[in-house]
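Shown next: query-v6.pdb, containing PDB, C-alpha atoms.
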```pdb
ATOM      1  CA  MET E1420     -23.377 -58.942  18.409  1.00  0.00           C
ATOM      2  CA  ALA E1421     -19.736 -59.481  19.314  1.00  0.00           C
ATOM      3  CA  LYS E1422     -18.778 -61.580  22.326  1.00  0.00           C
ATOM      4  CA  LEU E1423     -17.172 -59.197  24.839  1.00  0.00           C
ATOM      5  CA  LEU E1424     -14.244 -61.169  26.182  1.00  0.00           C
ATOM      6  CA  TYR E1425     -13.038 -58.394  28.490  1.00  0.00           C
ATOM      7  CA  GLN E1426     -16.227 -58.839  30.516  1.00  0.00           C
ATOM      8  CA  LEU E1427     -15.327 -62.490  31.108  1.00  0.00           C
ATOM      9  CA  ASP E1428     -11.604 -62.011  31.788  1.00  0.00           C
ATOM     10  CA  SER E1429     -10.124 -58.555  32.320  1.00  0.00           C
ATOM     11  CA  TYR E1430      -6.607 -60.048  32.206  1.00  0.00           C
ATOM     12  CA  LEU E1431      -6.937 -61.468  28.698  1.00  0.00           C
ATOM     13  CA  ARG E1432      -4.080 -59.893  26.754  1.00  0.00           C
ATOM     14  CA  GLU E1433      -4.416 -61.833  23.485  1.00  0.00           C
ATOM     15  CA  PHE E1434      -7.336 -63.553  21.761  1.00  0.00           C
ATOM     16  CA  ASP E1435      -8.270 -65.177  18.462  1.00  0.00           C
ATOM     17  CA  ALA E1436     -11.164 -63.841  16.406  1.00  0.00           C
ATOM     18  CA  THR E1437     -12.739 -63.858  12.957  1.00  0.00           C
ATOM     19  CA  VAL E1438     -13.324 -60.691  10.962  1.00  0.00           C
ATOM     20  CA  ALA E1439     -17.094 -60.276  10.574  1.00  0.00           C
ATOM     21  CA  ARG E1440     -17.009 -57.261   8.257  1.00  0.00           C
ATOM     22  CA  VAL E1441     -14.930 -54.240   7.290  1.00  0.00           C
ATOM     23  CA  GLU E1442     -16.258 -50.723   6.699  1.00  0.00           C
ATOM     24  CA  GLY E1443     -13.513 -48.327   5.684  1.00  0.00           C
ATOM     25  CA  ARG E1444     -11.023 -48.424   8.555  1.00  0.00           C
ATOM     26  CA  LYS E1445     -13.568 -49.991  10.909  1.00  0.00           C
ATOM     27  CA  VAL E1446     -13.096 -53.703  11.553  1.00  0.00           C
ATOM     28  CA  TYR E1447     -15.787 -55.743  13.293  1.00  0.00           C
ATOM     29  CA  LEU E1448     -14.866 -59.070  14.943  1.00  0.00           C
ATOM     30  CA  ASP E1449     -16.985 -61.974  16.148  1.00  0.00           C
ATOM     31  CA  GLN E1450     -15.421 -61.519  19.601  1.00  0.00           C
ATOM     32  CA  THR E1451     -13.074 -59.023  21.171  1.00  0.00           C
ATOM     33  CA  ALA E1452     -11.049 -58.250  24.279  1.00  0.00           C
ATOM     34  CA  PHE E1453     -10.657 -54.586  23.260  1.00  0.00           C
ATOM     35  CA  HIS E1454     -12.655 -52.440  25.683  1.00  0.00           C
ATOM     36  CA  PRO E1455     -14.282 -49.613  23.717  1.00  0.00           C
ATOM     37  CA  GLY E1456     -14.229 -46.002  24.780  1.00  0.00           C
ATOM     38  CA  PRO E1457     -15.896 -44.135  26.272  1.00  0.00           C
ATOM     39  CA  SER E1458     -17.973 -47.058  27.552  1.00  0.00           C
ATOM     40  CA  GLY E1459     -18.197 -46.923  31.334  1.00  0.00           C
ATOM     41  CA  GLY E1460     -16.117 -43.757  31.335  1.00  0.00           C
ATOM     42  CA  LEU E1461     -12.924 -45.565  30.333  1.00  0.00           C
ATOM     43  CA  ASP E1462     -10.753 -44.459  27.455  1.00  0.00           C
ATOM     44  CA  THR E1463     -10.332 -46.847  24.536  1.00  0.00           C
ATOM     45  CA  ASP E1464      -8.037 -49.836  24.531  1.00  0.00           C
ATOM     46  CA  LYS E1465      -5.336 -49.856  21.868  1.00  0.00           C
ATOM     47  CA  GLY E1466      -3.179 -52.617  20.428  1.00  0.00           C
ATOM     48  CA  TRP E1467      -2.762 -54.710  17.299  1.00  0.00           C
ATOM     49  CA  LEU E1468      -4.417 -57.284  15.056  1.00  0.00           C
ATOM     50  CA  VAL E1469      -1.930 -59.959  13.980  1.00  0.00           C
ATOM     51  CA  LEU E1470      -2.604 -61.396  10.517  1.00  0.00           C
ATOM     52  CA  PRO E1471      -1.972 -65.042   9.503  1.00  0.00           C
ATOM     53  CA  ASP E1472       1.360 -64.089   7.902  1.00  0.00           C
ATOM     54  CA  GLY E1473       2.565 -62.597  11.201  1.00  0.00           C
ATOM     55  CA  SER E1474       2.277 -58.954  10.156  1.00  0.00           C
ATOM     56  CA  ARG E1475       0.464 -56.544  12.441  1.00  0.00           C
ATOM     57  CA  VAL E1476      -2.148 -53.847  11.939  1.00  0.00           C
ATOM     58  CA  GLU E1477      -2.399 -51.225  14.660  1.00  0.00           C
ATOM     59  CA  VAL E1478      -5.719 -50.777  16.461  1.00  0.00           C
ATOM     60  CA  LEU E1479      -5.898 -47.039  17.059  1.00  0.00           C
ATOM     61  CA  GLU E1480      -9.251 -47.020  18.818  1.00  0.00           C
ATOM     62  CA  ALA E1481     -12.147 -49.266  19.791  1.00  0.00           C
ATOM     63  CA  VAL E1482     -15.613 -47.679  19.668  1.00  0.00           C
ATOM     64  CA  GLU E1483     -18.882 -48.977  21.089  1.00  0.00           C
ATOM     65  CA  GLU E1484     -21.615 -49.117  18.442  1.00  0.00           C
ATOM     66  CA  GLY E1485     -24.756 -50.529  20.010  1.00  0.00           C
ATOM     67  CA  GLU E1486     -24.001 -54.193  20.712  1.00  0.00           C
ATOM     68  CA  GLU E1487     -20.897 -54.173  18.520  1.00  0.00           C
ATOM     69  CA  VAL E1488     -17.342 -52.898  18.840  1.00  0.00           C
ATOM     70  CA  ALA E1489     -15.730 -51.135  15.892  1.00  0.00           C
ATOM     71  CA  HIS E1490     -11.937 -51.481  15.805  1.00  0.00           C
ATOM     72  CA  ILE E1491     -10.500 -48.481  13.992  1.00  0.00           C
ATOM     73  CA  VAL E1492      -7.227 -49.617  12.449  1.00  0.00           C
ATOM     74  CA  SER E1493      -4.286 -47.929  10.751  1.00  0.00           C
ATOM     75  CA  ASP E1494      -4.764 -49.897   7.527  1.00  0.00           C
ATOM     76  CA  ALA E1495      -7.697 -52.189   6.739  1.00  0.00           C
ATOM     77  CA  SER E1496      -6.639 -53.045   3.169  1.00  0.00           C
ATOM     78  CA  ARG E1497      -5.606 -56.628   4.028  1.00  0.00           C
ATOM     79  CA  LEU E1498      -8.536 -57.377   6.320  1.00  0.00           C
ATOM     80  CA  GLU E1499     -11.630 -59.080   4.927  1.00  0.00           C
ATOM     81  CA  PRO E1500     -14.614 -61.067   6.258  1.00  0.00           C
ATOM     82  CA  GLY E1501     -13.695 -64.591   7.349  1.00  0.00           C
ATOM     83  CA  LEU E1502     -10.038 -63.813   8.026  1.00  0.00           C
ATOM     84  CA  ARG E1503      -8.705 -65.197  11.312  1.00  0.00           C
ATOM     85  CA  VAL E1504      -6.690 -62.704  13.315  1.00  0.00           C
ATOM     86  CA  ARG E1505      -5.105 -62.534  16.732  1.00  0.00           C
ATOM     87  CA  GLY E1506      -5.884 -59.483  18.841  1.00  0.00           C
ATOM     88  CA  VAL E1507      -3.146 -58.155  21.120  1.00  0.00           C
ATOM     89  CA  ILE E1508      -3.991 -55.594  23.803  1.00  0.00           C
ATOM     90  CA  ASP E1509      -1.616 -52.784  24.765  1.00  0.00           C
ATOM     91  CA  TRP E1510      -1.395 -54.225  28.252  1.00  0.00           C
ATOM     92  CA  ASP E1511       0.434 -51.418  30.049  1.00  0.00           C
ATOM     93  CA  ARG E1512      -2.261 -48.986  28.949  1.00  0.00           C
ATOM     94  CA  ARG E1513      -5.128 -51.341  29.860  1.00  0.00           C
ATOM     95  CA  TYR E1514      -3.753 -52.393  33.252  1.00  0.00           C
ATOM     96  CA  ARG E1515      -3.275 -48.829  34.447  1.00  0.00           C
ATOM     97  CA  MET E1516      -6.889 -48.051  33.515  1.00  0.00           C
ATOM     98  CA  MET E1517      -8.007 -51.185  35.359  1.00  0.00           C
ATOM     99  CA  ARG E1518      -6.246 -49.979  38.513  1.00  0.00           C
ATOM    100  CA  LEU E1519      -7.842 -46.543  38.206  1.00  0.00           C
ATOM    101  CA  HIS E1520     -11.256 -48.080  37.521  1.00  0.00           C
ATOM    102  CA  THR E1521     -11.195 -50.134  40.706  1.00  0.00           C
ATOM    103  CA  ALA E1522      -9.879 -47.104  42.613  1.00  0.00           C
ATOM    104  CA  SER E1523     -12.841 -45.060  41.374  1.00  0.00           C
ATOM    105  CA  HIS E1524     -15.302 -47.671  42.666  1.00  0.00           C
ATOM    106  CA  VAL E1525     -13.797 -47.554  46.151  1.00  0.00           C
ATOM    107  CA  LEU E1526     -13.677 -43.750  46.224  1.00  0.00           C
ATOM    108  CA  LEU E1527     -17.260 -43.508  44.987  1.00  0.00           C
ATOM    109  CA  SER E1528     -18.390 -46.016  47.597  1.00  0.00           C
ATOM    110  CA  VAL E1529     -16.859 -43.931  50.381  1.00  0.00           C
ATOM    111  CA  LEU E1530     -18.489 -40.711  49.137  1.00  0.00           C
ATOM    112  CA  TYR E1531     -21.814 -42.472  48.596  1.00  0.00           C
ATOM    113  CA  GLY E1532     -21.718 -44.023  52.053  1.00  0.00           C
ATOM    114  CA  ARG E1533     -20.832 -40.759  53.780  1.00  0.00           C
ATOM    115  CA  TYR E1534     -22.895 -38.256  51.818  1.00  0.00           C
ATOM    116  CA  GLY E1535     -25.135 -40.179  49.413  1.00  0.00           C
ATOM    117  CA  ALA E1536     -23.070 -38.643  46.601  1.00  0.00           C
ATOM    118  CA  LEU E1537     -23.821 -39.828  43.065  1.00  0.00           C
ATOM    119  CA  VAL E1538     -21.427 -39.689  40.127  1.00  0.00           C
ATOM    120  CA  THR E1539     -22.698 -37.366  37.409  1.00  0.00           C
ATOM    121  CA  GLY E1540     -19.835 -37.994  34.977  1.00  0.00           C
ATOM    122  CA  GLY E1541     -16.256 -39.088  34.663  1.00  0.00           C
ATOM    123  CA  HIS E1542     -13.449 -40.331  32.475  1.00  0.00           C
ATOM    124  CA  ILE E1543     -10.461 -42.622  32.960  1.00  0.00           C
ATOM    125  CA  THR E1544      -7.280 -42.530  30.879  1.00  0.00           C
ATOM    126  CA  PRO E1545      -3.983 -44.317  31.572  1.00  0.00           C
ATOM    127  CA  GLU E1546      -2.664 -41.069  33.060  1.00  0.00           C
ATOM    128  CA  GLY E1547      -5.479 -40.385  35.488  1.00  0.00           C
ATOM    129  CA  ALA E1548      -9.169 -40.203  36.325  1.00  0.00           C
ATOM    130  CA  ARG E1549     -11.743 -37.439  36.516  1.00  0.00           C
ATOM    131  CA  ASP E1550     -14.992 -37.855  38.424  1.00  0.00           C
ATOM    132  CA  ASP E1551     -17.882 -35.432  38.902  1.00  0.00           C
ATOM    133  CA  PHE E1552     -19.869 -35.833  42.123  1.00  0.00           C
ATOM    134  CA  ASP E1553     -23.137 -34.365  43.322  1.00  0.00           C
ATOM    135  CA  LEU E1554     -22.025 -33.075  46.723  1.00  0.00           C
ATOM    136  CA  SER E1555     -24.708 -30.418  47.078  1.00  0.00           C
ATOM    137  CA  GLY E1556     -25.294 -29.495  50.695  1.00  0.00           C
ATOM    138  CA  ILE E1557     -21.706 -30.229  51.731  1.00  0.00           C
ATOM    139  CA  GLN E1558     -20.169 -26.892  52.694  1.00  0.00           C
ATOM    140  CA  ASP E1559     -16.509 -27.952  52.846  1.00  0.00           C
ATOM    141  CA  TRP E1560     -16.703 -30.340  49.915  1.00  0.00           C
ATOM    142  CA  LYS E1561     -12.982 -30.181  49.155  1.00  0.00           C
ATOM    143  CA  ARG E1562     -12.133 -31.466  52.605  1.00  0.00           C
ATOM    144  CA  ALA E1563     -14.826 -34.129  52.227  1.00  0.00           C
ATOM    145  CA  VAL E1564     -13.243 -35.442  49.013  1.00  0.00           C
ATOM    146  CA  ALA E1565      -9.698 -35.336  50.440  1.00  0.00           C
ATOM    147  CA  GLU E1566     -10.794 -37.315  53.511  1.00  0.00           C
ATOM    148  CA  ALA E1567     -12.643 -39.785  51.284  1.00  0.00           C
ATOM    149  CA  VAL E1568      -9.444 -40.371  49.282  1.00  0.00           C
ATOM    150  CA  GLU E1569      -7.561 -41.203  52.478  1.00  0.00           C
ATOM    151  CA  GLU E1570     -10.270 -43.612  53.581  1.00  0.00           C
ATOM    152  CA  ALA E1571     -10.296 -45.193  50.121  1.00  0.00           C
ATOM    153  CA  ASN E1572      -6.530 -45.742  50.372  1.00  0.00           C
ATOM    154  CA  ARG E1573      -6.960 -47.497  53.716  1.00  0.00           C
ATOM    155  CA  ILE E1574      -9.563 -49.777  52.141  1.00  0.00           C
ATOM    156  CA  LEU E1575      -7.414 -50.540  49.093  1.00  0.00           C
ATOM    157  CA  ALA E1576      -4.510 -51.555  51.347  1.00  0.00           C
ATOM    158  CA  LYS E1577      -6.623 -54.326  52.875  1.00  0.00           C
ATOM    159  CA  CYS E1578      -6.095 -56.518  49.778  1.00  0.00           C
ATOM    160  CA  ILE E1579      -9.770 -57.331  49.158  1.00  0.00           C
ATOM    161  CA  GLU E1580     -10.672 -59.706  46.333  1.00  0.00           C
ATOM    162  CA  VAL E1581     -12.724 -58.078  43.563  1.00  0.00           C
ATOM    163  CA  LYS E1582     -15.558 -60.355  42.435  1.00  0.00           C
ATOM    164  CA  VAL E1583     -17.312 -60.254  39.057  1.00  0.00           C
ATOM    165  CA  TYR E1584     -20.570 -62.096  38.318  1.00  0.00           C
ATOM    166  CA  TRP E1585     -23.905 -61.794  36.508  1.00  0.00           C
ATOM    167  CA  LEU E1586     -27.439 -61.397  37.921  1.00  0.00           C
ATOM    168  CA  PRO E1587     -30.910 -61.076  36.382  1.00  0.00           C
ATOM    169  CA  ARG E1588     -31.934 -57.415  36.190  1.00  0.00           C
ATOM    170  CA  GLU E1589     -34.730 -57.727  38.782  1.00  0.00           C
ATOM    171  CA  GLU E1590     -32.424 -59.381  41.303  1.00  0.00           C
ATOM    172  CA  ALA E1591     -29.598 -56.902  40.698  1.00  0.00           C
ATOM    173  CA  LEU E1592     -31.819 -53.867  41.219  1.00  0.00           C
ATOM    174  CA  ARG E1593     -32.858 -55.169  44.632  1.00  0.00           C
ATOM    175  CA  ILE E1594     -29.291 -54.578  45.848  1.00  0.00           C
ATOM    176  CA  PRO E1595     -29.173 -51.184  47.621  1.00  0.00           C
ATOM    177  CA  GLY E1596     -27.100 -48.623  45.713  1.00  0.00           C
ATOM    178  CA  VAL E1597     -26.203 -51.023  42.884  1.00  0.00           C
ATOM    179  CA  VAL E1598     -26.534 -48.203  40.329  1.00  0.00           C
ATOM    180  CA  LYS E1599     -24.699 -45.187  41.737  1.00  0.00           C
ATOM    181  CA  LEU E1600     -24.523 -43.304  38.465  1.00  0.00           C
ATOM    182  CA  ALA E1601     -26.969 -40.439  38.253  1.00  0.00           C
ATOM    183  CA  GLU E1602     -28.555 -42.011  35.160  1.00  0.00           C
ATOM    184  CA  ARG E1603     -30.376 -45.287  35.564  1.00  0.00           C
ATOM    185  CA  LEU E1604     -29.551 -48.683  34.128  1.00  0.00           C
ATOM    186  CA  PRO E1605     -30.799 -48.893  30.502  1.00  0.00           C
ATOM    187  CA  PRO E1606     -34.188 -50.673  30.371  1.00  0.00           C
ATOM    188  CA  ALA E1607     -33.069 -53.083  27.637  1.00  0.00           C
ATOM    189  CA  VAL E1608     -30.487 -54.734  29.924  1.00  0.00           C
ATOM    190  CA  SER E1609     -31.824 -58.086  31.205  1.00  0.00           C
ATOM    191  CA  GLN E1610     -28.623 -59.539  32.671  1.00  0.00           C
ATOM    192  CA  VAL E1611     -26.485 -57.257  34.808  1.00  0.00           C
ATOM    193  CA  ARG E1612     -22.752 -57.641  35.292  1.00  0.00           C
ATOM    194  CA  ILE E1613     -21.939 -57.012  38.935  1.00  0.00           C
ATOM    195  CA  VAL E1614     -18.556 -55.927  40.276  1.00  0.00           C
ATOM    196  CA  GLU E1615     -18.365 -56.500  44.030  1.00  0.00           C
ATOM    197  CA  ILE E1616     -15.682 -55.474  46.490  1.00  0.00           C
ATOM    198  CA  PRO E1617     -16.989 -57.373  49.531  1.00  0.00           C
ATOM    199  CA  GLY E1618     -17.822 -55.155  52.443  1.00  0.00           C
ATOM    200  CA  VAL E1619     -17.123 -52.050  50.378  1.00  0.00           C
ATOM    201  CA  ASP E1620     -19.131 -51.779  47.161  1.00  0.00           C
ATOM    202  CA  VAL E1621     -21.529 -53.638  44.876  1.00  0.00           C
ATOM    203  CA  GLN E1622     -22.001 -52.004  41.494  1.00  0.00           C
ATOM    204  CA  ALA E1623     -23.453 -52.681  38.061  1.00  0.00           C
ATOM    205  CA  ASP E1624     -20.465 -52.353  35.760  1.00  0.00           C
ATOM    206  CA  GLY E1625     -19.350 -53.633  32.364  1.00  0.00           C
ATOM    207  CA  GLY E1626     -15.683 -52.649  32.396  1.00  0.00           C
ATOM    208  CA  PRO E1627     -12.367 -54.284  33.322  1.00  0.00           C
ATOM    209  CA  HIS E1628     -11.103 -54.303  36.921  1.00  0.00           C
ATOM    210  CA  VAL E1629      -8.153 -55.695  38.854  1.00  0.00           C
ATOM    211  CA  ARG E1630      -8.608 -58.907  40.847  1.00  0.00           C
ATOM    212  CA  ASN E1631      -7.503 -57.486  44.187  1.00  0.00           C
ATOM    213  CA  THR E1632      -7.493 -54.002  45.689  1.00  0.00           C
ATOM    214  CA  CYS E1633      -3.779 -54.410  46.519  1.00  0.00           C
ATOM    215  CA  GLU E1634      -3.043 -54.070  42.807  1.00  0.00           C
ATOM    216  CA  VAL E1635      -4.388 -50.519  42.744  1.00  0.00           C
ATOM    217  CA  GLY E1636      -1.764 -48.969  45.016  1.00  0.00           C
ATOM    218  CA  ARG E1637      -2.481 -45.533  46.463  1.00  0.00           C
ATOM    219  CA  ILE E1638      -4.820 -42.918  45.030  1.00  0.00           C
ATOM    220  CA  VAL E1639      -3.135 -39.542  44.600  1.00  0.00           C
ATOM    221  CA  LEU E1640      -5.506 -36.560  44.568  1.00  0.00           C
ATOM    222  CA  GLN E1641      -4.286 -34.021  42.000  1.00  0.00           C
ATOM    223  CA  ARG E1642      -6.791 -31.177  42.075  1.00  0.00           C
ATOM    224  CA  LEU E1643     -10.416 -30.243  42.755  1.00  0.00           C
ATOM    225  CA  GLU E1644     -12.761 -27.950  40.821  1.00  0.00           C
ATOM    226  CA  SER E1645     -16.297 -26.700  41.310  1.00  0.00           C
ATOM    227  CA  LYS E1646     -18.398 -26.955  38.152  1.00  0.00           C
ATOM    228  CA  GLY E1647     -21.586 -25.719  39.805  1.00  0.00           C
ATOM    229  CA  ALA E1648     -23.685 -26.262  42.912  1.00  0.00           C
ATOM    230  CA  ARG E1649     -24.374 -29.920  42.102  1.00  0.00           C
ATOM    231  CA  ARG E1650     -21.170 -30.789  40.247  1.00  0.00           C
ATOM    232  CA  LYS E1651     -17.832 -31.043  42.034  1.00  0.00           C
ATOM    233  CA  ARG E1652     -14.893 -32.474  40.079  1.00  0.00           C
ATOM    234  CA  ALA E1653     -11.950 -34.484  41.379  1.00  0.00           C
ATOM    235  CA  TYR E1654      -8.815 -35.284  39.356  1.00  0.00           C
ATOM    236  CA  TYR E1655      -6.679 -38.128  40.655  1.00  0.00           C
ATOM    237  CA  THR E1656      -4.255 -40.846  39.626  1.00  0.00           C
ATOM    238  CA  VAL E1657      -2.580 -43.862  41.203  1.00  0.00           C
ATOM    239  CA  GLU E1658       1.052 -44.224  42.180  1.00  0.00           C
ATOM    240  CA  PRO E1659       3.259 -45.944  39.551  1.00  0.00           C
TER     241      PRO E1659
END
```
Could you spell out this file's structure in C-alpha cells?
Amino acid sequence: MAKLLYQLDSYLREFDATVARVEGRKVYLDQTAFHPGPSGGLDTDKGWLVLPDGSRVEVLEAVEEGEEVAHIVSDASRLEPGLRVRGVIDWDRRYRMMRLHTASHVLLSVLYGRYGALVTGGHITPEGARDDFDLSGIQDWKRAVAEAVEEANRILAKCIEVKVYWLPREEALRIPGVVKLAERLPPAVSQVRIVEIPGVDVQADGGPHVRNTCEVGRIVLQRLESKGARRKRAYYTVEP
C-alpha cells in the first residue's frame, strides 16, 4: 500500500520516493503525490520522475489500483526496484483541478441544501467540470442550477478556509449529509478523510482541494443537458 501524500498536503509539488516494483510501463512507488484518475471524479495528475542522474521520465497517467497507484511512464527501462526517484507534479494542471474540485463541493452543497440533490456522477479535468445531479421533481431545473451557481459564487467570495482532517467511520457517518454521492461509502473504509468548508459543507473526500475558497475564483456555467428524469448534467469551469 503506497502512502498517499496528496491526501496529507494537496500543495506538495515534489516528493522523494523509492520504486517498489515495475510492471511494463507501470511504476509503483512506496509513496506518491500523484493523484490517480478517475478517483473522486478527478482526471489523472501528470508530471515526471527525476532519476538520480538528473534525467527525467514523463508520467503520462496515474491509475488507482486498489490501495496502490500505478504510474504509467513514457519509458520504464531505467527504473527498477529500490531506485530512489523524485516525483514532480505538473502543478498548473493539478492546481486548476483543485480549484474546480472545491468549486464542485460548494455548488453541490447549495443544490443539496435547496433541493436535497445528490450527485450521480461527474468528472473534473483542468479545462472544466461535469456533474450529474438528481433533480427529479424540480420543474425548472435549469434555472435552479443557474441560481445555485450564483449562490456558490457568493459563498466562494467570502474567503472561507477549507479544512481537511480524518475521523473514524462511525463518527463521520453521524455527520448529516457527509456522503452526498448517490453511492455509499465503501464498507472497508475505517478512517474517513473529511473536507470541511465551515458553514457550507462537510464531505467525505479523498482528493486535493485548495486551502481557501478565494483561490477558486468564479464558477462559469457553460451548458446544461438533461440525461433523463433523474439525471441533469451541468458543465462549468472557473475563470482563469
Run through the PyMOL selection byres ((chain E and resi 1486-1497) around 9) on the given coordinates and return the selected residues as a short mmCIF file (atom, residue, chain, number, x, y, z; two decimals) with C-alpha atoms, keeping the file's coordinate frame.
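Okay, this is what ended up in out_23.cif:
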```
data_model
loop_
_atom_site.label_atom_id
_atom_site.label_comp_id
_atom_site.auth_asym_id
_atom_site.auth_seq_id
_atom_site.Cartn_x
_atom_site.Cartn_y
_atom_site.Cartn_z
CA MET E 1420 -23.38 -58.94 18.41
CA ALA E 1421 -19.74 -59.48 19.31
CA LYS E 1422 -18.78 -61.58 22.33
CA LEU E 1423 -17.17 -59.20 24.84
CA VAL E 1441 -14.93 -54.24 7.29
CA GLU E 1442 -16.26 -50.72 6.70
CA GLY E 1443 -13.51 -48.33 5.68
CA ARG E 1444 -11.02 -48.42 8.56
CA LYS E 1445 -13.57 -49.99 10.91
CA VAL E 1446 -13.10 -53.70 11.55
CA TYR E 1447 -15.79 -55.74 13.29
CA LEU E 1448 -14.87 -59.07 14.94
CA GLN E 1450 -15.42 -61.52 19.60
CA THR E 1451 -13.07 -59.02 21.17
CA PHE E 1453 -10.66 -54.59 23.26
CA HIS E 1454 -12.66 -52.44 25.68
CA PRO E 1455 -14.28 -49.61 23.72
CA TRP E 1467 -2.76 -54.71 17.30
CA LEU E 1468 -4.42 -57.28 15.06
CA LEU E 1470 -2.60 -61.40 10.52
CA VAL E 1476 -2.15 -53.85 11.94
CA GLU E 1477 -2.40 -51.22 14.66
CA VAL E 1478 -5.72 -50.78 16.46
CA LEU E 1479 -5.90 -47.04 17.06
CA GLU E 1480 -9.25 -47.02 18.82
CA ALA E 1481 -12.15 -49.27 19.79
CA VAL E 1482 -15.61 -47.68 19.67
CA GLU E 1483 -18.88 -48.98 21.09
CA GLU E 1484 -21.62 -49.12 18.44
CA GLY E 1485 -24.76 -50.53 20.01
CA LEU E 1498 -8.54 -57.38 6.32
CA GLU E 1499 -11.63 -59.08 4.93
#
```
Stretch 1614-1642 of chain E near stretch 1582-1597 of chain E within 12 Å: what's each residue's closest atom pair and its distance in Å to one decimal, counting all atoms listed in the file, ordered by chain then ascending residue number, as JSON lines?
```
{"residue": "E:Val1614", "atom": "CA", "partner": "E:Val1583", "partner_atom": "CA", "distance": 4.7}
{"residue": "E:Glu1615", "atom": "CA", "partner": "E:Lys1582", "partner_atom": "CA", "distance": 5.0}
{"residue": "E:Ile1616", "atom": "CA", "partner": "E:Lys1582", "partner_atom": "CA", "distance": 6.3}
{"residue": "E:Pro1617", "atom": "CA", "partner": "E:Lys1582", "partner_atom": "CA", "distance": 7.8}
{"residue": "E:Gly1618", "atom": "CA", "partner": "E:Lys1582", "partner_atom": "CA", "distance": 11.5}
{"residue": "E:Val1619", "atom": "CA", "partner": "E:Gly1596", "partner_atom": "CA", "distance": 11.5}
{"residue": "E:Asp1620", "atom": "CA", "partner": "E:Val1597", "partner_atom": "CA", "distance": 8.3}
{"residue": "E:Val1621", "atom": "CA", "partner": "E:Val1597", "partner_atom": "CA", "distance": 5.7}
{"residue": "E:Gln1622", "atom": "CA", "partner": "E:Val1597", "partner_atom": "CA", "distance": 4.5}
{"residue": "E:Ala1623", "atom": "CA", "partner": "E:Val1597", "partner_atom": "CA", "distance": 5.8}
{"residue": "E:Asp1624", "atom": "CA", "partner": "E:Val1583", "partner_atom": "CA", "distance": 9.1}
{"residue": "E:Gly1625", "atom": "CA", "partner": "E:Val1583", "partner_atom": "CA", "distance": 9.6}
{"residue": "E:Gly1626", "atom": "CA", "partner": "E:Val1583", "partner_atom": "CA", "distance": 10.2}
{"residue": "E:Pro1627", "atom": "CA", "partner": "E:Val1583", "partner_atom": "CA", "distance": 9.6}
{"residue": "E:His1628", "atom": "CA", "partner": "E:Val1583", "partner_atom": "CA", "distance": 8.9}
{"residue": "E:Val1629", "atom": "CA", "partner": "E:Lys1582", "partner_atom": "CA", "distance": 9.5}
{"residue": "E:Arg1630", "atom": "CA", "partner": "E:Lys1582", "partner_atom": "CA", "distance": 7.3}
{"residue": "E:Asn1631", "atom": "CA", "partner": "E:Lys1582", "partner_atom": "CA", "distance": 8.7}
{"residue": "E:Thr1632", "atom": "CA", "partner": "E:Lys1582", "partner_atom": "CA", "distance": 10.8}
```
Print the selection's residues with C-alpha atoms to a file, as a PDB file, in the coordinates of the input.
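And here is the file that came out, result_11.pdb:
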```
ATOM      1  CA  VAL E1614     -18.556 -55.927  40.276  1.00  0.00           C
ATOM      2  CA  GLU E1615     -18.365 -56.500  44.030  1.00  0.00           C
ATOM      3  CA  ILE E1616     -15.682 -55.474  46.490  1.00  0.00           C
ATOM      4  CA  PRO E1617     -16.989 -57.373  49.531  1.00  0.00           C
ATOM      5  CA  GLY E1618     -17.822 -55.155  52.443  1.00  0.00           C
ATOM      6  CA  VAL E1619     -17.123 -52.050  50.378  1.00  0.00           C
ATOM      7  CA  ASP E1620     -19.131 -51.779  47.161  1.00  0.00           C
ATOM      8  CA  VAL E1621     -21.529 -53.638  44.876  1.00  0.00           C
ATOM      9  CA  GLN E1622     -22.001 -52.004  41.494  1.00  0.00           C
ATOM     10  CA  ALA E1623     -23.453 -52.681  38.061  1.00  0.00           C
ATOM     11  CA  ASP E1624     -20.465 -52.353  35.760  1.00  0.00           C
ATOM     12  CA  GLY E1625     -19.350 -53.633  32.364  1.00  0.00           C
ATOM     13  CA  GLY E1626     -15.683 -52.649  32.396  1.00  0.00           C
ATOM     14  CA  PRO E1627     -12.367 -54.284  33.322  1.00  0.00           C
ATOM     15  CA  HIS E1628     -11.103 -54.303  36.921  1.00  0.00           C
ATOM     16  CA  VAL E1629      -8.153 -55.695  38.854  1.00  0.00           C
ATOM     17  CA  ARG E1630      -8.608 -58.907  40.847  1.00  0.00           C
ATOM     18  CA  ASN E1631      -7.503 -57.486  44.187  1.00  0.00           C
ATOM     19  CA  THR E1632      -7.493 -54.002  45.689  1.00  0.00           C
TER      20      THR E1632
END
```
Task: Residue members of the PyMOL selection byres ((chain E and resi 1572) around 10) in the file shown, as number ranges by chain - done: E: 1522, 1525-1526, 1566-1571, 1573-1577, 1632-1633, 1635-1639
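Interatomic distance, atom CA of E:Asp1435 against atom CA of E:Glu1634: 27.3 Å.
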Task: Residue with smallest distance to E:Gly1460 - pool E:Ser1609, E:Gln1641, E:Ser1474, E:Ser1523, counting all atoms listed in the file - done: E:Ser1523
Task: Pick from E:Met1516, E:Val1469, E:Leu1427, E:Ile1613 nearest to E:Ala1548, counting only C-alpha atoms - done: E:Met1516
Task: Residue IDs satisfying the PyMOL selection byres ((chain E and resi 1557-1563) around 12), as number ranges by chain - done: E: 1526, 1529-1531, 1533-1536, 1552-1556, 1564-1570, 1640-1645, 1648-1654
Task: Nearest residue to E:Tyr1430 from the set E:Val1598, E:Arg1518, E:Pro1659, E:Asp1462 (distances using only C-alpha atoms) - done: E:Arg1518
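Note that the spacing between atom CA of E:Val1538 and atom CA of E:His1524 amounts to 10.4 Å.
Note that the spacing between atom CA of E:Val1657 and atom CA of E:Gly1541 amounts to 15.9 Å.
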